[in-house]
$ cat input_16.cif   # mmCIF, C-alpha atoms
data_final
loop_
_atom_site.label_atom_id
_atom_site.label_comp_id
_atom_site.auth_asym_id
_atom_site.auth_seq_id
_atom_site.Cartn_x
_atom_site.Cartn_y
_atom_site.Cartn_z
CA MET A 194 21.01 5.19 -11.09
CA ASN A 195 21.03 8.61 -9.48
CA ASN A 196 17.65 8.01 -7.85
CA ILE A 197 18.98 5.19 -5.66
CA LYS A 198 18.98 6.64 -2.20
CA LYS A 199 22.26 5.74 -0.51
CA ASP A 200 22.34 8.36 2.24
CA PHE A 201 19.60 9.09 4.77
CA THR A 202 19.08 11.91 7.24
CA ILE A 203 18.01 11.24 10.81
CA LYS A 204 14.59 12.57 9.82
CA ASP A 205 14.41 9.91 7.08
CA LEU A 206 15.23 7.25 9.67
CA GLU A 207 12.52 8.61 11.96
CA ASN A 208 9.94 8.48 9.17
CA LEU A 209 10.96 5.00 8.03
CA SER A 210 11.32 3.36 11.44
CA GLY A 211 8.72 5.20 13.51
CA ILE A 212 11.40 5.96 16.14
CA LYS A 213 11.80 9.60 17.12
CA ALA A 214 15.06 11.27 16.09
CA HIS A 215 15.73 12.11 19.75
CA THR A 216 15.53 8.40 20.66
CA ILE A 217 17.80 7.44 17.75
CA ARG A 218 20.40 9.92 19.02
CA ILE A 219 20.17 8.40 22.53
CA TRP A 220 20.63 4.89 21.12
CA GLU A 221 23.71 6.12 19.28
CA LYS A 222 25.25 7.90 22.24
CA ARG A 223 24.38 5.42 24.98
CA TYR A 224 24.62 2.11 23.14
CA GLY A 225 26.58 2.83 19.96
CA LEU A 226 23.88 1.14 17.87
CA LEU A 227 24.55 3.33 14.82
CA SER A 228 27.64 5.16 13.63
CA PRO A 229 26.58 7.92 11.24
CA GLN A 230 28.92 9.85 9.02
CA ARG A 231 28.98 13.63 9.30
CA THR A 232 28.66 16.17 6.51
CA ASP A 233 30.90 19.23 6.28
CA THR A 234 28.24 21.08 8.27
CA ASN A 235 28.20 18.35 10.96
CA ILE A 236 24.82 16.88 9.96
CA ARG A 237 24.29 13.16 10.58
CA CYS A 238 24.27 11.01 7.42
CA TYR A 239 23.26 7.33 7.46
CA SER A 240 23.89 4.54 4.96
CA ALA A 241 21.37 2.00 3.67
CA LYS A 242 23.15 -0.55 5.87
CA SER A 243 22.48 1.64 8.92
CA LEU A 244 18.81 1.91 7.91
CA GLN A 245 18.52 -1.86 7.64
CA LYS A 246 20.13 -2.32 11.05
CA LEU A 247 17.79 0.24 12.64
CA LEU A 248 14.73 -1.48 11.15
CA ASN A 249 15.95 -4.80 12.55
CA VAL A 250 16.63 -3.24 15.96
CA VAL A 251 13.13 -1.75 16.06
CA LEU A 252 11.61 -5.10 15.08
CA LEU A 253 13.42 -6.83 17.95
CA ASN A 254 12.60 -4.05 20.39
CA ASN A 255 8.90 -4.23 19.48
CA ASN A 256 9.02 -7.92 20.31
CA ASN A 257 10.29 -7.63 23.89
CA TYR A 258 14.05 -7.42 23.30
CA LYS A 259 15.54 -4.67 25.48
CA ILE A 260 17.70 -2.09 23.73
CA SER A 261 20.53 -2.76 26.17
CA LYS A 262 20.51 -6.45 25.18
CA ILE A 263 20.28 -5.68 21.46
CA ALA A 264 23.26 -3.35 21.79
CA GLU A 265 25.35 -6.26 23.06
CA MET A 266 24.64 -8.27 19.89
CA SER A 267 26.82 -8.23 16.81
CA ASP A 268 25.28 -7.05 13.54
CA GLU A 269 25.17 -10.67 12.36
CA THR A 270 23.37 -11.78 15.53
CA ILE A 271 20.81 -9.02 15.10
CA ARG A 272 20.14 -10.22 11.55
CA ILE A 273 19.80 -13.84 12.71
CA LYS A 274 17.48 -12.94 15.60
CA THR A 275 15.35 -10.86 13.23
CA LYS A 276 14.99 -13.78 10.80
CA GLU A 277 14.11 -16.14 13.66
CA LEU A 278 11.50 -13.72 14.90
CA ALA A 279 10.03 -13.33 11.41
CA ILE A 280 9.63 -17.09 11.09
CA HIS A 281 7.57 -17.25 14.27
CA ASN A 282 5.43 -14.16 14.75
CA ALA A 283 6.69 -11.02 13.02
CA ILE A 284 6.84 -12.05 9.37
CA ASN A 285 4.71 -9.08 8.29
CA ASP A 286 7.00 -6.50 9.88
CA GLU A 287 10.13 -8.19 8.56
CA ALA A 288 8.64 -8.29 5.07
CA ILE A 289 7.64 -4.62 5.20
CA ASN A 290 11.21 -3.74 6.20
CA ALA A 291 12.52 -5.72 3.21
CA LEU A 292 10.05 -3.92 0.92
CA LYS A 293 11.29 -0.54 2.17
CA ILE A 294 14.89 -1.43 1.41
CA SER A 295 14.03 -2.91 -2.00
CA MET A 296 12.15 0.29 -2.86
CA PHE A 297 15.06 2.59 -2.03
CA GLN A 298 17.58 0.39 -3.82
CA PHE A 299 15.29 -0.46 -6.79
CA ASP A 300 16.07 -4.07 -5.96
CA LYS A 301 13.74 -6.51 -7.76
CA VAL A 302 15.54 -9.55 -6.36
CA LEU A 303 15.05 -8.42 -2.76
CA PHE A 304 11.37 -7.66 -3.43
CA ASN A 305 10.78 -11.09 -4.99
CA ASN A 306 12.69 -12.86 -2.23
CA ALA A 307 10.55 -11.14 0.42
CA TYR A 308 7.38 -11.95 -1.53
CA ASN A 309 8.33 -15.60 -2.03
CA LYS A 310 9.13 -15.95 1.67
CA LEU A 311 5.67 -14.61 2.47
CA LEU A 312 4.09 -17.13 0.09
CA GLN A 313 5.48 -19.91 2.26
CA LYS A 314 3.23 -18.72 5.09
CA LYS A 315 0.37 -16.82 3.48
CA SER A 316 -1.98 -16.82 0.51
CA PHE A 317 -1.78 -13.95 -1.98
CA ARG A 318 -4.96 -12.46 -0.49
CA GLU A 319 -3.39 -12.47 2.98
CA ILE A 320 -0.16 -10.95 1.67
CA PHE A 321 -2.04 -8.09 0.05
CA LYS A 322 -4.19 -7.35 3.11
CA ASP A 323 -1.61 -7.99 5.83
CA VAL A 324 1.53 -6.64 4.15
CA PHE A 325 0.94 -4.67 0.95
CA ILE A 326 -1.90 -2.47 2.24
CA PRO A 327 -0.07 -1.42 5.46
CA PHE A 328 3.10 -0.92 3.45
CA LEU A 329 1.38 1.27 0.84
CA ASN A 330 -0.30 3.30 3.57
CA HIS A 331 3.15 3.89 5.07
CA ILE A 332 4.51 4.91 1.67
CA GLY A 333 1.76 7.53 1.53
CA LEU A 334 3.08 9.02 4.77
CA LEU A 335 6.65 8.91 3.49
CA TRP A 336 5.50 10.74 0.37
CA GLN A 337 4.02 13.52 2.51
CA THR A 338 7.29 13.90 4.42
CA GLU A 339 9.31 13.89 1.17
CA THR A 340 11.25 10.79 2.25
CA VAL A 341 10.52 9.00 -1.04
CA LEU A 342 10.79 10.16 -4.64
CA PRO A 343 8.17 9.51 -7.34
CA ALA A 344 10.59 6.99 -8.87
CA HIS A 345 10.57 4.95 -5.64
CA GLU A 346 6.78 4.88 -5.47
CA HIS A 347 6.47 3.96 -9.16
CA PHE A 348 8.99 1.13 -8.83
CA ILE A 349 7.38 -0.52 -5.82
CA SER A 350 3.85 -0.01 -7.16
CA ASN A 351 4.76 -1.67 -10.44
CA MET A 352 6.29 -4.62 -8.59
CA ILE A 353 3.03 -5.11 -6.70
CA VAL A 354 1.00 -4.65 -9.89
CA GLN A 355 2.93 -7.51 -11.48
CA LYS A 356 1.96 -9.81 -8.60
CA ILE A 357 -1.72 -8.85 -8.88
CA GLN A 358 -1.70 -9.42 -12.64
CA ILE A 359 -0.07 -12.83 -12.26
CA ASN A 360 -2.69 -13.90 -9.74
CA ILE A 361 -5.56 -12.59 -11.89
CA GLU A 362 -4.18 -14.52 -14.86
CA GLN A 363 -4.18 -17.68 -12.78
CA LEU A 364 -7.95 -17.24 -12.35
CA ALA A 365 -8.59 -17.22 -16.11
CA ALA A 366 -10.33 -20.61 -15.98
CA HIS A 367 -12.18 -19.80 -12.73
CA PRO A 368 -15.96 -20.38 -12.95
CA VAL A 369 -17.96 -17.18 -13.41
CA ASP A 370 -21.43 -16.33 -12.08
CA SER A 371 -23.20 -14.94 -15.13
CA GLY A 372 -25.77 -13.21 -12.94
CA SER A 373 -23.42 -10.58 -11.50
CA ILE A 374 -21.53 -7.88 -13.40
CA TYR A 375 -19.00 -5.52 -11.84
CA VAL A 376 -17.55 -2.61 -13.81
CA LEU A 377 -14.39 -1.25 -12.20
CA PHE A 378 -13.06 2.21 -13.05
CA LEU A 379 -11.24 5.22 -11.59
CA PRO A 380 -12.40 8.83 -11.83
CA GLU A 381 -10.94 11.12 -14.47
CA ASN A 382 -7.27 11.97 -13.74
CA GLU A 383 -7.10 9.33 -10.98
CA ILE A 384 -4.17 6.99 -11.67
CA HIS A 385 -3.71 5.11 -8.37
CA GLU A 386 -5.21 1.76 -9.33
CA LEU A 387 -3.57 -0.81 -7.04
CA GLY A 388 -6.64 -1.02 -4.83
CA LEU A 389 -8.96 -1.31 -7.80
CA MET A 390 -6.78 -4.00 -9.35
CA PHE A 391 -6.93 -6.04 -6.16
CA LEU A 392 -10.70 -5.63 -6.03
CA ASN A 393 -10.78 -7.01 -9.57
CA TYR A 394 -8.81 -10.03 -8.34
CA GLU A 395 -11.02 -10.47 -5.27
CA LEU A 396 -14.27 -10.28 -7.24
CA THR A 397 -12.95 -12.67 -9.89
CA LEU A 398 -11.85 -15.10 -7.18
CA ARG A 399 -15.40 -15.03 -5.80
CA GLY A 400 -16.81 -16.00 -9.18
CA HIS A 401 -18.15 -12.62 -10.29
CA ARG A 402 -17.91 -11.36 -13.85
CA THR A 403 -15.74 -8.24 -13.91
CA ILE A 404 -15.10 -5.62 -16.58
CA TYR A 405 -11.94 -3.75 -15.70
CA LEU A 406 -11.71 -0.28 -17.28
CA GLY A 407 -8.83 1.06 -15.20
CA GLN A 408 -7.66 4.58 -14.52
CA SER A 409 -8.81 8.10 -15.48
CA LEU A 410 -12.24 7.47 -16.95
CA PRO A 411 -14.68 10.35 -17.59
CA LEU A 412 -18.22 9.41 -16.57
CA ASN A 413 -19.57 9.81 -20.11
CA ASN A 414 -17.28 6.95 -21.14
CA LEU A 415 -19.54 4.72 -19.04
CA ASP A 416 -22.72 5.58 -20.96
CA TYR A 417 -22.82 2.14 -22.62
CA PHE A 418 -23.03 0.50 -19.19
CA PHE A 419 -25.34 3.11 -17.68
CA GLU A 420 -27.85 2.40 -20.47
CA SER A 421 -27.68 -1.37 -19.99
CA GLU A 422 -30.82 -3.23 -18.92
CA ASP A 423 -28.67 -5.58 -16.85
CA ALA A 424 -28.08 -4.71 -13.21
CA ILE A 425 -24.48 -3.52 -12.96
CA CYS A 426 -22.42 -2.77 -9.87
CA PHE A 427 -19.92 0.01 -10.57
CA VAL A 428 -16.81 0.01 -8.36
CA THR A 429 -14.40 2.92 -7.97
CA CYS A 430 -11.59 4.14 -5.69
CA LEU A 431 -10.96 7.80 -4.89
CA THR A 432 -7.37 8.45 -3.79
CA VAL A 433 -6.49 11.95 -5.04
CA MET A 434 -9.31 12.73 -7.47
CA PRO A 435 -11.75 14.41 -7.68
CA TYR A 436 -10.44 17.43 -5.80
CA ASP A 437 -11.98 17.92 -2.36
CA ASP A 438 -14.34 20.66 -3.49
CA LYS A 439 -15.55 18.52 -6.41
CA VAL A 440 -16.27 15.25 -4.58
CA ILE A 441 -19.89 15.97 -3.61
CA GLY A 442 -20.70 17.18 -7.12
CA TYR A 443 -19.10 14.03 -8.57
CA PHE A 444 -21.28 11.76 -6.47
CA GLN A 445 -24.37 13.85 -7.18
CA GLU A 446 -23.76 13.44 -10.91
CA ILE A 447 -23.48 9.67 -10.49
CA ASN A 448 -26.59 9.67 -8.32
CA ASP A 449 -28.57 11.46 -11.04
CA ILE A 450 -27.39 8.91 -13.61
CA LEU A 451 -28.12 5.82 -11.50
CA LYS A 452 -31.43 6.80 -9.92
CA ASP A 453 -34.41 4.93 -11.34
CA THR A 454 -32.05 2.19 -12.63
CA LYS A 455 -31.12 -1.24 -11.28
CA HIS A 456 -27.48 -0.22 -11.10
CA GLN A 457 -25.45 0.51 -7.96
CA LEU A 458 -22.13 2.12 -7.08
CA ILE A 459 -19.56 1.01 -4.52
CA ALA A 460 -16.87 3.60 -3.78
CA THR A 461 -13.88 3.44 -1.46
CA GLY A 462 -11.17 5.85 -0.37
CA GLU A 463 -10.67 8.64 2.13
CA LYS A 464 -12.46 11.12 -0.11
CA THR A 465 -15.74 9.26 0.47
CA ALA A 466 -15.78 10.99 3.87
CA PHE A 467 -17.07 14.10 2.08
CA VAL A 468 -20.36 12.31 1.29
CA LYS A 469 -20.78 10.06 4.33
CA ASP A 470 -23.79 12.10 5.53
CA VAL A 471 -25.36 12.59 2.10
CA ASP A 472 -28.59 10.74 1.38
CA PHE A 473 -28.61 9.48 -2.19
CA THR A 474 -31.69 8.45 -4.12
CA ALA A 475 -29.62 5.91 -6.06
CA ASN A 476 -28.02 2.78 -4.59
CA ILE A 477 -24.62 4.19 -3.56
CA THR A 478 -22.45 2.68 -0.83
CA THR A 479 -19.16 4.15 0.38
CA TYR A 480 -16.28 2.75 2.43
CA PRO A 481 -13.43 4.89 3.81
CA SER A 482 -10.82 2.17 3.27
CA LEU A 483 -10.18 -0.78 1.00
CA LEU A 484 -10.02 -3.13 3.99
CA GLU A 485 -13.50 -2.11 5.13
CA LEU A 486 -14.85 -2.71 1.63
CA LEU A 487 -13.22 -6.14 1.49
CA GLN A 488 -14.76 -7.05 4.84
CA ASN A 489 -18.23 -6.19 3.51
CA LEU A 490 -18.06 -7.70 0.03
#
$ encode --input "input_16.cif" --output "structure tokens"
Amino acid sequence: MNNIKKDFTIKDLENLSGIKAHTIRIWEKRYGLLSPQRTDTNIRCYSAKSLQKLLNVVLLNNNNYKISKIAEMSDETIRIKTKELAIHNAINDEAINALKISMFQFDKVLFNNAYNKLLQKKSFREIFKDVFIPFLNHIGLLWQTETVLPAHEHFISNMIVQKIQINIEQLAAHPVDSGSIYVLFLPENEIHELGLMFLNYELTLRGHRTIYLGQSLPLNNLDYFFESEDAICFVTCLTVMPYDDKVIGYFQEINDILKDTKHQLIATGEKTAFVKDVDFTANITTYPSLLELLQNL
């Protein structure tokens, strides 16, 4: 398990906790909150246990505990106070911290424990919107700063996928409105489908008929649906594809296909910003984020 990250730099801690490295150093020197090891070249090196403690300290500090008071607590007291706080008003933050640790340690048990604890307070829909979406957005930032490896992202994404699939399966006998058809797909070479999968769940929950086609679909693979006499709503998410200089052309191609039909397209993702001022002749609606789309469904 060489990909399990056991040692963290102070920059990793900054990225994961949101606390500046300078502040972390002050907390070490003034309060002795962390005790890093040193490499042969005198560079700070932190354990997973230190990361967990820092995340707990930040959670307490963000909820009106002074650093000086936290520093007087034992590690066990910090853990207890964090759990107490999570029970009352910071369950989302505590869960996100647990998800971070489970990701770095490839720990399925920790992930499931955190998820099951959330289920005691929230519905699956609330968990996805309140915890999974902010967490995944944070993972995107960690990816940019090279704090996480592809293996970490794949592990945690697959754990979340399993939860979505389980909840979709539970809707198998849910009544369906035969008058609405949603076809969900991702652009060619786009593989980030967590958002699309949740949209499939959300639409199914609301009684809509969905046809889930998944990732990396060339537009000509949709010809069967484009030629349908039924009114179809196509739904897609643009995370990394198409490339920035191809986005407008991609939407123009869809516009040409859908104009003079009863079909419509709903698209979400940051890349929709490239077409926010474009006037389409077809019925095309864009949302910059999944949350905004969910609010307007």
$ resolve_selection --input "input_16.cif" --expression "the PyMOL selection byres ((chain A and resi 264) around 10)" --output "PDB file with C-alpha atoms, keeping the file's coordinate frame"
ATOM      1  CA  TRP A 220      20.630   4.890  21.120  1.00  0.00           C
ATOM      2  CA  GLU A 221      23.710   6.120  19.280  1.00  0.00           C
ATOM      3  CA  ARG A 223      24.380   5.420  24.980  1.00  0.00           C
ATOM      4  CA  TYR A 224      24.620   2.110  23.140  1.00  0.00           C
ATOM      5  CA  GLY A 225      26.580   2.830  19.960  1.00  0.00           C
ATOM      6  CA  LEU A 226      23.880   1.140  17.870  1.00  0.00           C
ATOM      7  CA  LEU A 227      24.550   3.330  14.820  1.00  0.00           C
ATOM      8  CA  VAL A 250      16.630  -3.240  15.960  1.00  0.00           C
ATOM      9  CA  LYS A 259      15.540  -4.670  25.480  1.00  0.00           C
ATOM     10  CA  ILE A 260      17.700  -2.090  23.730  1.00  0.00           C
ATOM     11  CA  SER A 261      20.530  -2.760  26.170  1.00  0.00           C
ATOM     12  CA  LYS A 262      20.510  -6.450  25.180  1.00  0.00           C
ATOM     13  CA  ILE A 263      20.280  -5.680  21.460  1.00  0.00           C
ATOM     14  CA  GLU A 265      25.350  -6.260  23.060  1.00  0.00           C
ATOM     15  CA  MET A 266      24.640  -8.270  19.890  1.00  0.00           C
ATOM     16  CA  SER A 267      26.820  -8.230  16.810  1.00  0.00           C
ATOM     17  CA  ASP A 268      25.280  -7.050  13.540  1.00  0.00           C
ATOM     18  CA  ILE A 271      20.810  -9.020  15.100  1.00  0.00           C
TER      19      ILE A 271
END
$ residues_near_point --input "input_16.cif" --point "(-9.1, 7.2, 1.9)" --cutoff "10 Å" --atoms "only C-alpha atoms" --output "PDB file with C-alpha atoms, in the coordinates of the input"
ATOM      1  CA  ASN A 330      -0.300   3.300   3.570  1.00  0.00           C
ATOM      2  CA  CYS A 430     -11.590   4.140  -5.690  1.00  0.00           C
ATOM      3  CA  LEU A 431     -10.960   7.800  -4.890  1.00  0.00           C
ATOM      4  CA  THR A 432      -7.370   8.450  -3.790  1.00  0.00           C
ATOM      5  CA  VAL A 433      -6.490  11.950  -5.040  1.00  0.00           C
ATOM      6  CA  THR A 461     -13.880   3.440  -1.460  1.00  0.00           C
ATOM      7  CA  GLY A 462     -11.170   5.850  -0.370  1.00  0.00           C
ATOM      8  CA  GLU A 463     -10.670   8.640   2.130  1.00  0.00           C
ATOM      9  CA  LYS A 464     -12.460  11.120  -0.110  1.00  0.00           C
ATOM     10  CA  THR A 465     -15.740   9.260   0.470  1.00  0.00           C
ATOM     11  CA  ALA A 466     -15.780  10.990   3.870  1.00  0.00           C
ATOM     12  CA  TYR A 480     -16.280   2.750   2.430  1.00  0.00           C
ATOM     13  CA  PRO A 481     -13.430   4.890   3.810  1.00  0.00           C
ATOM     14  CA  SER A 482     -10.820   2.170   3.270  1.00  0.00           C
ATOM     15  CA  LEU A 483     -10.180  -0.780   1.000  1.00  0.00           C
TER      16      LEU A 483
END
$ closest_residue --input "input_16.cif" --among "A:Arg272, A:Lys301, A:His331, A:Arg399" --to "Gly211 (chain A)" --atoms "only C-alpha atoms"
A:His331
$ resolve_selection --input "input_16.cif" --expression "the PyMOL selection byres ((chain A and resi 441) around 12)" --output "compact mmCIF listing (two decimals) with C-alpha atoms, in the coordinates of the input"
# COMPACT_ATOMS: atom_id res chain seq x y z
CA MET A 434 -9.31 12.73 -7.47
CA PRO A 435 -11.75 14.41 -7.68
CA TYR A 436 -10.44 17.43 -5.80
CA ASP A 437 -11.98 17.92 -2.36
CA ASP A 438 -14.34 20.66 -3.49
CA LYS A 439 -15.55 18.52 -6.41
CA VAL A 440 -16.27 15.25 -4.58
CA GLY A 442 -20.70 17.18 -7.12
CA TYR A 443 -19.10 14.03 -8.57
CA PHE A 444 -21.28 11.76 -6.47
CA GLN A 445 -24.37 13.85 -7.18
CA GLU A 446 -23.76 13.44 -10.91
CA ILE A 447 -23.48 9.67 -10.49
CA ASN A 448 -26.59 9.67 -8.32
CA LYS A 464 -12.46 11.12 -0.11
CA THR A 465 -15.74 9.26 0.47
CA ALA A 466 -15.78 10.99 3.87
CA PHE A 467 -17.07 14.10 2.08
CA VAL A 468 -20.36 12.31 1.29
CA LYS A 469 -20.78 10.06 4.33
CA ASP A 470 -23.79 12.10 5.53
CA VAL A 471 -25.36 12.59 2.10
CA ASP A 472 -28.59 10.74 1.38
CA PHE A 473 -28.61 9.48 -2.19
$ residues_around --input "input_16.cif" --residues "Leu209 (chain A)" --least-positions-apart "2" --cutoff "9 Å" --atoms "only C-alpha atoms" --output "ChimeraX atom specification"
/A:204-207,211-212,244,248,290,293,331,335,340
$ closest_residue --input "input_16.cif" --among "A:Lys356, A:Arg318, A:Lys276, A:His401" --to "Phe304 (chain A)" --atoms "all atoms listed in the file"
A:Lys356
$ axis_aligned_box --input "input_16.cif" --around "region 349-363 of chain A" --padding-each-side "5 Å" --output "JSON"
{"center_x": 0.9, "center_y": -8.8, "center_z": -10.3, "size_x": 22.9, "size_y": 27.7, "size_z": 19.0}
$ atom_distance --input "input_16.cif" --atom1 "CA of Leu377 (chain A)" --atom2 "CA of Val428 (chain A)"
4.7 Å
$ closest_residue --input "input_16.cif" --among "A:Ile217, A:Ile384, A:Ala460, A:Met390" --to "Ile359 (chain A)" --atoms "only C-alpha atoms"
A:Met390
$ residues_around --input "input_16.cif" --residues "region 235-243 of chain A" --least-positions-apart "5" --cutoff "7 Å" --atoms "all atoms listed in the file" --output "VMD selection string"
chain A and resid 199 to 203 227 229 to 230
$ closest_residue --input "input_16.cif" --among "A:Asp233, A:Leu412, A:Leu247, A:Ile349" --to "Arg218 (chain A)" --atoms "only C-alpha atoms"
A:Leu247
$ decode --input "input_16.cif" --residues "region 349-357 of chain A" --atoms "all heavy atoms" --output "PDB file, in the first residue's frame"
ATOM      1  N   ILE A 349     -11.990   7.621  -3.037  1.00  0.00           N
ATOM      2  CA  ILE A 349     -13.094   8.311  -2.372  1.00  0.00           C
ATOM      3  C   ILE A 349     -14.271   8.489  -3.320  1.00  0.00           C
ATOM      4  O   ILE A 349     -15.443   8.416  -2.907  1.00  0.00           O
ATOM      5  CB  ILE A 349     -12.618   9.658  -1.781  1.00  0.00           C
ATOM      6  CG1 ILE A 349     -13.475  10.035  -0.562  1.00  0.00           C
ATOM      7  CG2 ILE A 349     -12.604  10.763  -2.802  1.00  0.00           C
ATOM      8  CD1 ILE A 349     -13.258   9.190   0.650  1.00  0.00           C
ATOM      9  N   SER A 350     -13.993   8.718  -4.603  1.00  0.00           N
ATOM     10  CA  SER A 350     -15.079   8.849  -5.579  1.00  0.00           C
ATOM     11  C   SER A 350     -15.866   7.558  -5.695  1.00  0.00           C
ATOM     12  O   SER A 350     -17.104   7.565  -5.747  1.00  0.00           O
ATOM     13  CB  SER A 350     -14.521   9.245  -6.950  1.00  0.00           C
ATOM     14  OG  SER A 350     -13.931  10.528  -6.906  1.00  0.00           O
ATOM     15  N   ASN A 351     -15.165   6.434  -5.711  1.00  0.00           N
ATOM     16  CA  ASN A 351     -15.846   5.145  -5.826  1.00  0.00           C
ATOM     17  C   ASN A 351     -16.658   4.826  -4.584  1.00  0.00           C
ATOM     18  O   ASN A 351     -17.726   4.201  -4.676  1.00  0.00           O
ATOM     19  CB  ASN A 351     -14.829   4.031  -6.103  1.00  0.00           C
ATOM     20  CG  ASN A 351     -14.334   4.029  -7.530  1.00  0.00           C
ATOM     21  OD1 ASN A 351     -15.097   4.375  -8.442  1.00  0.00           O
ATOM     22  ND2 ASN A 351     -13.094   3.661  -7.747  1.00  0.00           N
ATOM     23  N   MET A 352     -16.203   5.267  -3.414  1.00  0.00           N
ATOM     24  CA  MET A 352     -16.988   5.074  -2.201  1.00  0.00           C
ATOM     25  C   MET A 352     -18.298   5.849  -2.277  1.00  0.00           C
ATOM     26  O   MET A 352     -19.364   5.348  -1.897  1.00  0.00           O
ATOM     27  CB  MET A 352     -16.187   5.507  -0.969  1.00  0.00           C
ATOM     28  CG  MET A 352     -14.969   4.644  -0.654  1.00  0.00           C
ATOM     29  SD  MET A 352     -15.373   2.907  -0.314  1.00  0.00           S
ATOM     30  CE  MET A 352     -16.382   3.054   1.157  1.00  0.00           C
ATOM     31  N   ILE A 353     -18.225   7.071  -2.795  1.00  0.00           N
ATOM     32  CA  ILE A 353     -19.439   7.887  -2.931  1.00  0.00           C
ATOM     33  C   ILE A 353     -20.353   7.317  -4.008  1.00  0.00           C
ATOM     34  O   ILE A 353     -21.585   7.285  -3.856  1.00  0.00           O
ATOM     35  CB  ILE A 353     -19.070   9.354  -3.221  1.00  0.00           C
ATOM     36  CG1 ILE A 353     -18.307   9.947  -2.025  1.00  0.00           C
ATOM     37  CG2 ILE A 353     -20.310  10.183  -3.526  1.00  0.00           C
ATOM     38  CD1 ILE A 353     -17.755  11.340  -2.265  1.00  0.00           C
ATOM     39  N   VAL A 354     -19.753   6.838  -5.103  1.00  0.00           N
ATOM     40  CA  VAL A 354     -20.539   6.210  -6.173  1.00  0.00           C
ATOM     41  C   VAL A 354     -21.358   5.052  -5.617  1.00  0.00           C
ATOM     42  O   VAL A 354     -22.541   4.886  -5.955  1.00  0.00           O
ATOM     43  CB  VAL A 354     -19.611   5.715  -7.302  1.00  0.00           C
ATOM     44  CG1 VAL A 354     -20.333   4.701  -8.203  1.00  0.00           C
ATOM     45  CG2 VAL A 354     -19.134   6.891  -8.146  1.00  0.00           C
ATOM     46  N   GLN A 355     -20.751   4.233  -4.766  1.00  0.00           N
ATOM     47  CA  GLN A 355     -21.469   3.101  -4.187  1.00  0.00           C
ATOM     48  C   GLN A 355     -22.708   3.560  -3.425  1.00  0.00           C
ATOM     49  O   GLN A 355     -23.768   2.929  -3.516  1.00  0.00           O
ATOM     50  CB  GLN A 355     -20.542   2.318  -3.250  1.00  0.00           C
ATOM     51  CG  GLN A 355     -19.432   1.563  -3.959  1.00  0.00           C
ATOM     52  CD  GLN A 355     -18.466   0.919  -2.977  1.00  0.00           C
ATOM     53  OE1 GLN A 355     -18.806   0.671  -1.820  1.00  0.00           O
ATOM     54  NE2 GLN A 355     -17.249   0.666  -3.434  1.00  0.00           N
ATOM     55  N   LYS A 356     -22.595   4.672  -2.692  1.00  0.00           N
ATOM     56  CA  LYS A 356     -23.739   5.173  -1.933  1.00  0.00           C
ATOM     57  C   LYS A 356     -24.839   5.673  -2.864  1.00  0.00           C
ATOM     58  O   LYS A 356     -26.034   5.460  -2.606  1.00  0.00           O
ATOM     59  CB  LYS A 356     -23.311   6.292  -0.977  1.00  0.00           C
ATOM     60  CG  LYS A 356     -22.232   5.883   0.028  1.00  0.00           C
ATOM     61  CD  LYS A 356     -22.614   4.631   0.809  1.00  0.00           C
ATOM     62  CE  LYS A 356     -21.534   4.224   1.787  1.00  0.00           C
ATOM     63  NZ  LYS A 356     -21.801   2.907   2.417  1.00  0.00           N
ATOM     64  N   ILE A 357     -24.452   6.347  -3.947  1.00  0.00           N
ATOM     65  CA  ILE A 357     -25.452   6.814  -4.911  1.00  0.00           C
ATOM     66  C   ILE A 357     -26.171   5.630  -5.544  1.00  0.00           C
ATOM     67  O   ILE A 357     -27.406   5.611  -5.657  1.00  0.00           O
ATOM     68  CB  ILE A 357     -24.797   7.682  -6.013  1.00  0.00           C
ATOM     69  CG1 ILE A 357     -24.131   8.912  -5.417  1.00  0.00           C
ATOM     70  CG2 ILE A 357     -25.844   8.112  -7.043  1.00  0.00           C
ATOM     71  CD1 ILE A 357     -23.342   9.737  -6.408  1.00  0.00           C
TER      72      ILE A 357
END
